[in-house]
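Contents: one structure, followed by commentary.
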8 protein chains.
Amino acid sequence: MDHKLLEQLLQEVQSGTVGVEEALDRLRTLPFEDLGFALVDHHRTLRQGFPEVLFAQGKEVGQIKAILTSLWSRSENVLVTRLAADQAAVLRADFPEARYYPDSRLLTLSRRPIPDRGRGLICVISAGTADIPVAEEAAVTARIMGHQVETLYDCGVAGLHRLLAHQALFAQATVFVVVAGMEGALPSVVGGLVDRPVIAVPTSVGYGASFGGLAALLAMLNSCATGVAVVNIDNGFGAGCLAALINRKD
Amino acid sequence: MDHKLLEQLLQEVQSGTVGVEEALDRLRTLPFEDLGFALVDHHRTLRQGFPEVLFAQGKEVGQIKAILTSLWSRSENVLVTRLAADQAAVLRADFPEARYYPDSRLLTLSRRPIPDRGRGLICVISAGTADIPVAEEAAVTARIMGHQVETLYDCGVAGLHRLLAHQALFAQATVFVVVAGMEGALPSVVGGLVDRPVIAVPTSVGYGASFGGLAALLAMLNSCATGVAVVNIDNGFGAGCLAALINRKD
Amino acid sequence: MDHKLLEQLLQEVQSGTVGVEEALDRLRTLPFEDLGFALVDHHRTLRQGFPEVLFAQGKEVGQIKAILTSLWSRSENVLVTRLAADQAAVLRADFPEARYYPDSRLLTLSRRPIPDRGRGLICVISAGTADIPVAEEAAVTARIMGHQVETLYDCGVAGLHRLLAHQALFAQATVFVVVAGMEGALPSVVGGLVDRPVIAVPTSVGYGASFGGLAALLAMLNSCATGVAVVNIDNGFGAGCLAALINRKD
Amino acid sequence: MDHKLLEQLLQEVQSGTVGVEEALDRLRTLPFEDLGFALVDHHRTLRQGFPEVLFAQGKEVGQIKAILTSLWSRSENVLVTRLAADQAAVLRADFPEARYYPDSRLLTLSRRPIPDRGRGLICVISAGTADIPVAEEAAVTARIMGHQVETLYDCGVAGLHRLLAHQALFAQATVFVVVAGMEGALPSVVGGLVDRPVIAVPTSVGYGASFGGLAALLAMLNSCATGVAVVNIDNGFGAGCLAALINRKD
Amino acid sequence: MDHKLLEQLLQEVQSGTVGVEEALDRLRTLPFEDLGFALVDHHRTLRQGFPEVLFAQGKEVGQIKAILTSLWSRSENVLVTRLAADQAAVLRADFPEARYYPDSRLLTLSRRPIPDRGRGLICVISAGTADIPVAEEAAVTARIMGHQVETLYDCGVAGLHRLLAHQALFAQATVFVVVAGMEGALPSVVGGLVDRPVIAVPTSVGYGASFGGLAALLAMLNSCATGVAVVNIDNGFGAGCLAALINRKD
Amino acid sequence: MDHKLLEQLLQEVQSGTVGVEEALDRLRTLPFEDLGFALVDHHRTLRQGFPEVLFAQGKEVGQIKAILTSLWSRSENVLVTRLAADQAAVLRADFPEARYYPDSRLLTLSRRPIPDRGRGLICVISAGTADIPVAEEAAVTARIMGHQVETLYDCGVAGLHRLLAHQALFAQATVFVVVAGMEGALPSVVGGLVDRPVIAVPTSVGYGASFGGLAALLAMLNSCATGVAVVNIDNGFGAGCLAALINRKD
Amino acid sequence: MDHKLLEQLLQEVQSGTVGVEEALDRLRTLPFEDLGFALVDHHRTLRQGFPEVLFAQGKEVGQIKAILTSLWSRSENVLVTRLAADQAAVLRADFPEARYYPDSRLLTLSRRPIPDRGRGLICVISAGTADIPVAEEAAVTARIMGHQVETLYDCGVAGLHRLLAHQALFAQATVFVVVAGMEGALPSVVGGLVDRPVIAVPTSVGYGASFGGLAALLAMLNSCATGVAVVNIDNGFGAGCLAALINRKD
Amino acid sequence: MDHKLLEQLLQEVQSGTVGVEEALDRLRTLPFEDLGFALVDHHRTLRQGFPEVLFAQGKEVGQIKAILTSLWSRSENVLVTRLAADQAAVLRADFPEARYYPDSRLLTLSRRPIPDRGRGLICVISAGTADIPVAEEAAVTARIMGHQVETLYDCGVAGLHRLLAHQALFAQATVFVVVAGMEGALPSVVGGLVDRPVIAVPTSVGYGASFGGLAALLAMLNSCATGVAVVNIDNGFGAGCLAALINRKD
């Protein structure tokens, strides 16, 4: 429609109904969307292979179902984040294609196998058992965006040998997502072992002076290893997206 | 030398001087470096095209000169960070090849033109004039690691049109370094315009409730745009390294 | 009664029963309320068109009903803030004129249409869906104080085109209320687009390093745009009041 | 020039050299500045009566002189903020029209008397003697933007009578700027006495648990008075700008 | 008993059974309680007129009843703090003399009228309605320690006239307890009006940037009025005790 | 003069020139100072025996001399706080009566011996050697207000016997000022030994996690001893004033 | 198994099947676990007498039972921490040997009496009644690791005599665990009385400005006594482990 | 002298001059030092082999010399901490036996070789070059207390092989002091490799979000390794003392 308006204006210029000066004036006041600017949004989704994403937290299951129905009608892939198990059970009755990941509270819907969009492997490493849900959130997110992911869990810095035993795998990865709560030291250790980007994800795992993940967050921001950057506490989804962007083929 | 020890042990096994059991025992207690582990370090430097880096802050010019002489004797490229202007003047007398960047307080030494190791362009954007030194630190770091960098300065969110006017450039970049102090909003805005990784660098530019860059740091960690990760306050060097790692050809 | 005391004193001076010196002494010790000082309060309410306001949070529905009955007996307009939906249902049985806004948890009572007290339009903009309840709290508050309000929701900085598409509307507003959680960048962007006062409202929307709205609050306080001031986290009511004061006709 | 490009395109459409479809394509890719978007900036400055502003802090006097010369060549009014006294002395040799305010470290340059752009009076109140420089920064800023300002200094809450003695003045003001360090209580008290917008400015005046103005900032954000909003610590300039925007005639 | 041990030792010295040297050695190693040191505790309670105090929070009603029975068997007055209403109901069946204060969650038991131990009046002032429970906690605590208390509630700084109207009362008090949440400004205002000690009690009343009472706490610590000291957030009990100590007759 | 206005109005009422109604109206609009309200200030100073106080910090010696001359012309006692030693040397040339306390950076001027205004002894205790200047600030302040002060220094909790050895002195004091940095434990220990008010003064003595006195401040606010209240970090002056108010005879 | 791989390689070298050079290459790429590195873990457990530890918090009773069954099948001692009472009841049906400590929420399983591994006595001291569960966690942990523990509870610094009365016991201990919430002063006092290591454990006991144990934590970190180190808030388990390590016989 | 008083009292009891009751009364009021309590202090110093310690920071060289002279006259060993290099130069003229450690700013004075008081070796490890001064402070402190110390510097977690290469040394140590700034991860890694107590020392090395060592401090408090406790930021002296206490022979 906006496109129509612009086309019509240009046709009026072409036909001489509207002069150049008047056309200039009208162009200046057109809202940006009229100029196709809003397309950037679609363009971005298409090029990145981004799924449609729905944050379920704080919404009722009826609302989620309605939005999900709408998204699913126009998308190849849909990702629902922070979805409770009981809500997932309800949704799966209506969306039998849905796959639910209870640890990471994600639900995915995909019409067909997702083509591989990656240059290499994304390696997701987590420190403690309690960090696994956030790590899984990153892994599932990256996979639905078309990337191969390997996961290494329970590799905390107090038991280095478990981490060092997997150095062969490290050589195959193009980007690392490293998830840790408590003292948040794992990204620094991994960053010292690899020569690839490391996305550090602090988690709220811990108690007392962890202050809800602040300790891990600060540790990661102060990493003495090069090549480390940090996302928000418990933001597995964001880390998975960023890893996918880094690993993009083109 | 360590290598020698191991070789000798194996030769003793080969010759029968040392039995398998004894060899097993001795292997377990050998320091790891003896097993070539330390080579990882060199390997990493070589593959990444990392320069040798010398943090000058807190050191006297005599110390810096001594270390620089040593590094320069064995390296293709040396990067000195946080070097004061008067110190740089002294060093340039001894190292006429040196190039000093007064804004970012960096000094570089390169034996020959640095080969291009990048897949594409790194785009470094900064918000205010006062953020430029940190942005330059990122740009110079990425360049000495063999990457093409374009810089856009003075593109704060209170004057969006300056940023939007450069959207054509955005399409050419594979990774963005976005530097901002005060409210730290620029990475979110850039992250919404591009479909590439965004490395956000908070700076200590500001006063009062900026609390030395904390306000910008928190804002960037909470970015509503996907694909954004954050490094430490004023850490232009770290952002440049990470951008180079992301942009690596292979 | 206080007034009576003072009148009587003056009559005694007039009649000579009390001398000037003694009257001076007695005047000095009269409580201020006796001098009509408390009238300031009423004066203020009348001139501003302020409704009576009742904070429902932490009160039982019986208490709320009692206070509301009292306020409604002497006021043109009553505003109940932070009222739970089940409490609202109970109250509406007794106050059929009441209108409840479930998103913003406000209930309003008005005897007759509220006259327009504004010089222009108040524009309320919010960043994410989750910020809407706070934005609505501001909008309803301003409306019951007699001001025209337009709302623009879901205009986060990661999708600038949605915001920019409404620039025509911006020209009509005399004051902006901009509501955002997470990185709190929206007020800076709006402040750069308009030449009117911007009241920034941080919300507690977010998680992890948002620290209950602290990240957004700090970002807004450090806004690089001029003309921006900030209210407390989630304080939609306060922003609506202030917008109304700024937009007052006289 | 951008304008020229667009004009030329339209002329080509008019003349038939370029078809409508091709014109549409080219329009979509034109940088925004080409569409006159950048004019918003100028427009804003002109309509608001904003002076050109130069932050002197961290710049050398030579740099300041160069920028000032450039700004002064194209502006009616220039405001230099955070300018040291010795720098001001140097500048005044070259700019005899300059007026320097040592308390607030401002320097102003005005070609001719600034026309009154205000609806009423701006009242600037400060708590302690040490808060005066910030209050003066607000007052001078508002005046150079064309507004009448009255100042009341040394009206801290521990001596209420000094404040209450000026209630007559309060009735004449359309907006208040209230500046306080330490416990930051003054804006709440003023907000309870007036029915006008109150811009609260916390200052870094204090020691110990004032934490550089944090105590005053938090107090002001939690004000129990309605109609109060807060700017950054020591941000007298921002408060002056906002007061001017609120007090604008149209 | 300990006293007996010491008495016995001295008698052995007196009778010559134990020599001076040996007595010296044994005295040095006697636990301090043996020397009557523990009596300080009782002495203190008796001289101060302190009631026995039982913190009920976190205890089950059975535990509370058992402790209360024990305390009541040996004390004139018992004070139970932070006691839930349902627990109080249970206890009152067993302790018909008990008086429960639901607002402040205190329960008192007194054998006979408490004698007046004060030099004058303790004046307890609170800012908002929500601060009353903490104020009551202070008032009831001071009363059971034998002091006269007057309370002034709902005297927030945004409505100064309510406070000022009670200045006559101020002249009669020897110590003030001033309770406020949100911006915590009231103690500074009261401190400026009186020449008596002011005990400031911050409360957790507020939201957002009140950070659980931190804003009020910092404001009170930075009070510009002299004669103000601060207790912990919501610590009405502590303020009541301190006021009683200050108001003690001897 | 204000007094004159009021007197004149009453005379006009007396003489019948002004009617009661008109007088009532004019009284309501008189500024408060006209009603003698400002006298509260003087009254307070006189009754409390407060000296005039001049904060020297941040002022030049010329300014200090001018203010001091003015204060000294109308006061019995003057107290200058936070005065540097070199400034004191200059002032003492002009004010030979002045006494300077280099540790606490105080200077006092007194016309004649200060009469004893106290009910008993004020006991000032400090933990470490580095806390003595703040303790001295409290002691000198209380003395110039007419109170007897005993000081006990270097009584930190890591050497309890030094403190316990002075218990005899404790029985004589009516109020305690307890000064400590680092872990700030001393007020709790003293509060457990005495049955008198304890004013706790945290100091900025310490490093690292003392965060400029925050650790000591928080410890004191959380004291498990009853009868303890806290002033701002390093606020020896405030503690001395409060101790004097508590110890006042009447 | 890994051991087998290495043994086989050495046998191939011995037999001449594999040359020294090739063996060197293969050794370099073997994962570290293959070199027996992982044995460190077991070694450590065995030498320290560490029990297997299971953190029950956040796990369902079914999960806990499964893990516990597995651990119990291969261990002498198992320690379950942060186990709810209702979960413990379920587990005790299956593990009749289990002993549950409801205060500290620990459950222990031991096959036979634990041999004494200590050089001396571990003394666990706590300040208030509410700190006992954390103190018990430390005591039970140290005991199951084979150490003698004495506990002293309710020895807060506001009643020093209770602490001082136990000085005889102090002489027998080789290490102290001191547990305190609120102002966290007790470790400093104990540290001043003894010449042994003091492990300070801050607890989250308190309210208001205790900020969840932060006040006690900071106080302990700033202890003026030598020989004090601090563990995380409420980390009784960690303190017990460390005390056991310090008290180890060899 | 105190001893004399007590002896005299007992002699008076013995001789019948003073009755038992009177003696009891007088004993209760004797200051504790009279009972030999103060000897604890000396006892402690002697048994621990503690040197006399003088904190030089904030003192002038004259003061330091005076105190040092006094300490040296009665002690075997003196340790001066935080002594500037220029001050050390002055002191060494007067104390030719003095040894100065410029990195750690310590000066030691010892009359004769210090006997070995340790059970084993203390191992001091530091992460970065900038952490060495704090590590040296710990090492020198432990040595002057009579303990053998080995140091491993520059073993940050980003280069694990350097740390792992020294595992043989780890087996010989009885206690570890691990010093790190920035992300503070090293103590967790060391704690996972050894079965001995680890004293973690955060340093203020870092910038931006290290917040003066807070990041390292929090990381260490949240260590996932058992057997780790933490001292204050930069507190090398405290760590050295504690290590010595742990390593004590008896």
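Each chain in the structure tokens gets a letter, A, B and so on, in the order shown; residues start at 1 in every chain, and ligands are counted from 1 in the order they appear.
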
Among range 10-170 of chain A, which ones does DSSP assign to helix (DSSP H, G or I) (computed from the backbone)? Answer as a CSV table (one decimal) with C-alpha atoms, in the first residue's frame.
```csv
chain,number,residue,atom,x,y,z
A,10,LEU,CA,6.2,8.9,-9.3
A,11,GLN,CA,3.6,8.3,-11.9
A,12,GLU,CA,2.2,11.7,-11.3
A,13,VAL,CA,5.7,13.1,-11.7
A,14,GLN,CA,6.2,11.1,-14.9
A,15,SER,CA,2.9,12.3,-16.2
A,20,VAL,CA,9.5,18.1,-9.2
A,21,GLU,CA,9.5,20.7,-6.3
A,22,GLU,CA,6.1,19.5,-5.0
A,23,ALA,CA,7.3,15.8,-5.3
A,24,LEU,CA,10.4,16.7,-3.3
A,25,ASP,CA,8.2,18.2,-0.6
A,26,ARG,CA,5.9,15.3,-0.4
A,27,LEU,CA,8.8,12.8,-0.3
A,28,ARG,CA,10.3,14.5,2.7
A,29,THR,CA,7.2,14.1,4.8
A,32,PHE,CA,9.7,6.0,6.5
A,33,GLU,CA,7.7,2.9,6.2
A,34,ASP,CA,6.3,4.2,3.0
A,35,LEU,CA,9.8,4.0,1.6
A,39,LEU,CA,11.2,-4.3,4.8
A,40,VAL,CA,14.5,-4.3,6.6
A,41,ASP,CA,12.8,-6.4,9.3
A,42,HIS,CA,11.7,-9.1,6.9
A,43,HIS,CA,14.9,-9.0,5.0
A,44,ARG,CA,16.8,-9.6,8.2
A,45,THR,CA,14.7,-12.5,9.3
A,46,LEU,CA,15.0,-14.1,5.8
A,47,ARG,CA,18.7,-13.7,5.5
A,48,GLN,CA,19.6,-14.8,8.9
A,61,VAL,CA,-1.6,-20.6,27.7
A,62,GLY,CA,-4.5,-19.3,25.7
A,63,GLN,CA,-2.6,-16.2,24.6
A,64,ILE,CA,0.4,-18.3,23.7
A,65,LYS,CA,-1.7,-20.7,21.6
A,66,ALA,CA,-3.2,-17.7,19.7
A,67,ILE,CA,0.1,-16.1,18.9
A,68,LEU,CA,1.7,-19.5,18.1
A,69,THR,CA,-1.1,-20.3,15.6
A,70,SER,CA,-0.6,-16.9,13.9
A,71,LEU,CA,3.2,-17.3,13.7
A,72,TRP,CA,3.0,-20.9,12.5
A,73,SER,CA,0.7,-19.9,9.7
A,74,ARG,CA,3.4,-17.8,8.1
A,85,ALA,CA,6.0,-27.8,31.2
A,86,ASP,CA,2.2,-27.7,31.8
A,87,GLN,CA,1.8,-25.1,29.1
A,88,ALA,CA,3.8,-27.2,26.7
A,89,ALA,CA,1.6,-30.2,27.4
A,90,VAL,CA,-1.5,-28.1,26.4
A,91,LEU,CA,0.2,-26.8,23.2
A,92,ARG,CA,1.4,-30.2,22.0
A,93,ALA,CA,-2.2,-31.3,21.8
A,94,ASP,CA,-2.8,-28.7,19.1
A,129,THR,CA,24.8,-29.6,36.2
A,130,ALA,CA,22.7,-26.7,37.2
A,131,ASP,CA,23.9,-24.7,34.2
A,132,ILE,CA,22.7,-27.2,31.7
A,133,PRO,CA,19.2,-25.7,31.1
A,134,VAL,CA,20.8,-22.4,30.0
A,135,ALA,CA,23.3,-24.3,27.8
A,136,GLU,CA,20.5,-26.3,26.2
A,137,GLU,CA,18.7,-23.0,25.5
A,138,ALA,CA,21.7,-21.9,23.5
A,139,ALA,CA,22.1,-25.2,21.8
A,140,VAL,CA,18.5,-25.6,20.7
A,141,THR,CA,18.3,-22.0,19.5
A,142,ALA,CA,21.4,-22.4,17.4
A,143,ARG,CA,20.2,-25.7,15.9
A,144,ILE,CA,16.8,-24.3,14.8
A,157,VAL,CA,37.2,-25.5,36.4
A,158,ALA,CA,37.6,-27.5,39.6
A,159,GLY,CA,38.0,-30.6,37.5
A,160,LEU,CA,40.1,-29.4,34.6
A,161,HIS,CA,40.8,-32.9,33.3
A,162,ARG,CA,37.3,-33.3,32.1
A,163,LEU,CA,37.7,-30.2,30.0
A,164,LEU,CA,41.1,-31.0,28.7
A,167,GLN,CA,40.6,-30.8,23.3
A,168,ALA,CA,40.3,-32.7,20.1
A,169,LEU,CA,36.7,-31.5,19.7
A,170,PHE,CA,37.8,-27.9,20.3
```

(request) Using DSSP on the backbone, list every residue of range 35-243 of chain C that comes out as strand (DSSP E), and give them as JSON, numbers by chain. (result) {"C": [52, 53, 54, 55, 77, 78, 79, 80, 81, 99, 100, 101, 106, 107, 108, 109, 110, 121, 122, 123, 124, 125, 126, 148, 149, 150, 151, 152, 173, 174, 175, 176, 177, 178, 179, 180, 198, 199, 200, 201, 202, 228, 229, 230]}

(request) Would you list the contacts of Arg99 in chain E as a ChimeraX atom specification, taking every protein, DNA or RNA residue within 8 Å and counting only C-alpha atoms, but skipping same-chain residues closer than 4 positions in sequence? (result) /E:92,107-109

Same residues, N, CA and C atoms, output as an mmCIF file, in the first residue's frame:
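In the end it all went to part37.cif:
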```cif
data_model
loop_
_atom_site.group_PDB
_atom_site.id
_atom_site.type_symbol
_atom_site.label_atom_id
_atom_site.label_comp_id
_atom_site.auth_asym_id
_atom_site.auth_seq_id
_atom_site.Cartn_x
_atom_site.Cartn_y
_atom_site.Cartn_z
ATOM 1 N N ARG E 92 -2.813 -15.834 72.957
ATOM 2 C CA ARG E 92 -3.710 -15.111 73.876
ATOM 3 C C ARG E 92 -4.639 -16.060 74.616
ATOM 4 N N LEU E 107 3.539 -8.268 70.767
ATOM 5 C CA LEU E 107 2.699 -8.729 71.871
ATOM 6 C C LEU E 107 3.433 -8.390 73.163
ATOM 7 N N THR E 108 2.696 -7.843 74.115
ATOM 8 C CA THR E 108 3.313 -7.479 75.400
ATOM 9 C C THR E 108 2.613 -8.205 76.536
ATOM 10 N N LEU E 109 3.390 -8.476 77.546
ATOM 11 C CA LEU E 109 2.898 -9.062 78.795
ATOM 12 C C LEU E 109 3.494 -8.238 79.932
#
```

(request) Please identify all polymer residues within 8 Å of Pro187 in chain G, counting only C-alpha atoms, omitting same-chain residues fewer than 4 positions from it, and present them as a VMD selection string. (result) chain G and resid 178 to 180 191 198 to 200 220 223 228

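Nearest residue to Asn247 in chain F among F:Gly128, F:Pro197, F:Pro96, F:Gly156 is F:Pro197, counting only C-alpha atoms.
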
(request) Find the distance between CA of Phe55 in chain D and CA of Met182 in chain B and write it in Å to one decimal. (result)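 Those two atoms sit 14.5 Å apart.
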
(request) Could you tell me how far CA of Val189 in chain G lies from CA of Asn77 in chain H, in Å and to one decimal? (result)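 Interatomic distance here is 25.3 Å.
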
(message) For a quick test of understanding: name the residues of chain A lying within 7 Å of chain B when counting only C-alpha atoms, and present them as a list in words.
(response)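 The contacting residues on chain A are Arg44, Gln48, Asp195, Arg196, Pro197, Leu221, Asn222, Thr226, Gly227, Val228, Ala229, Val230, Val231, Asn232, Gly238, Cys241, Leu242, Leu245 and Ile246 of chain A.
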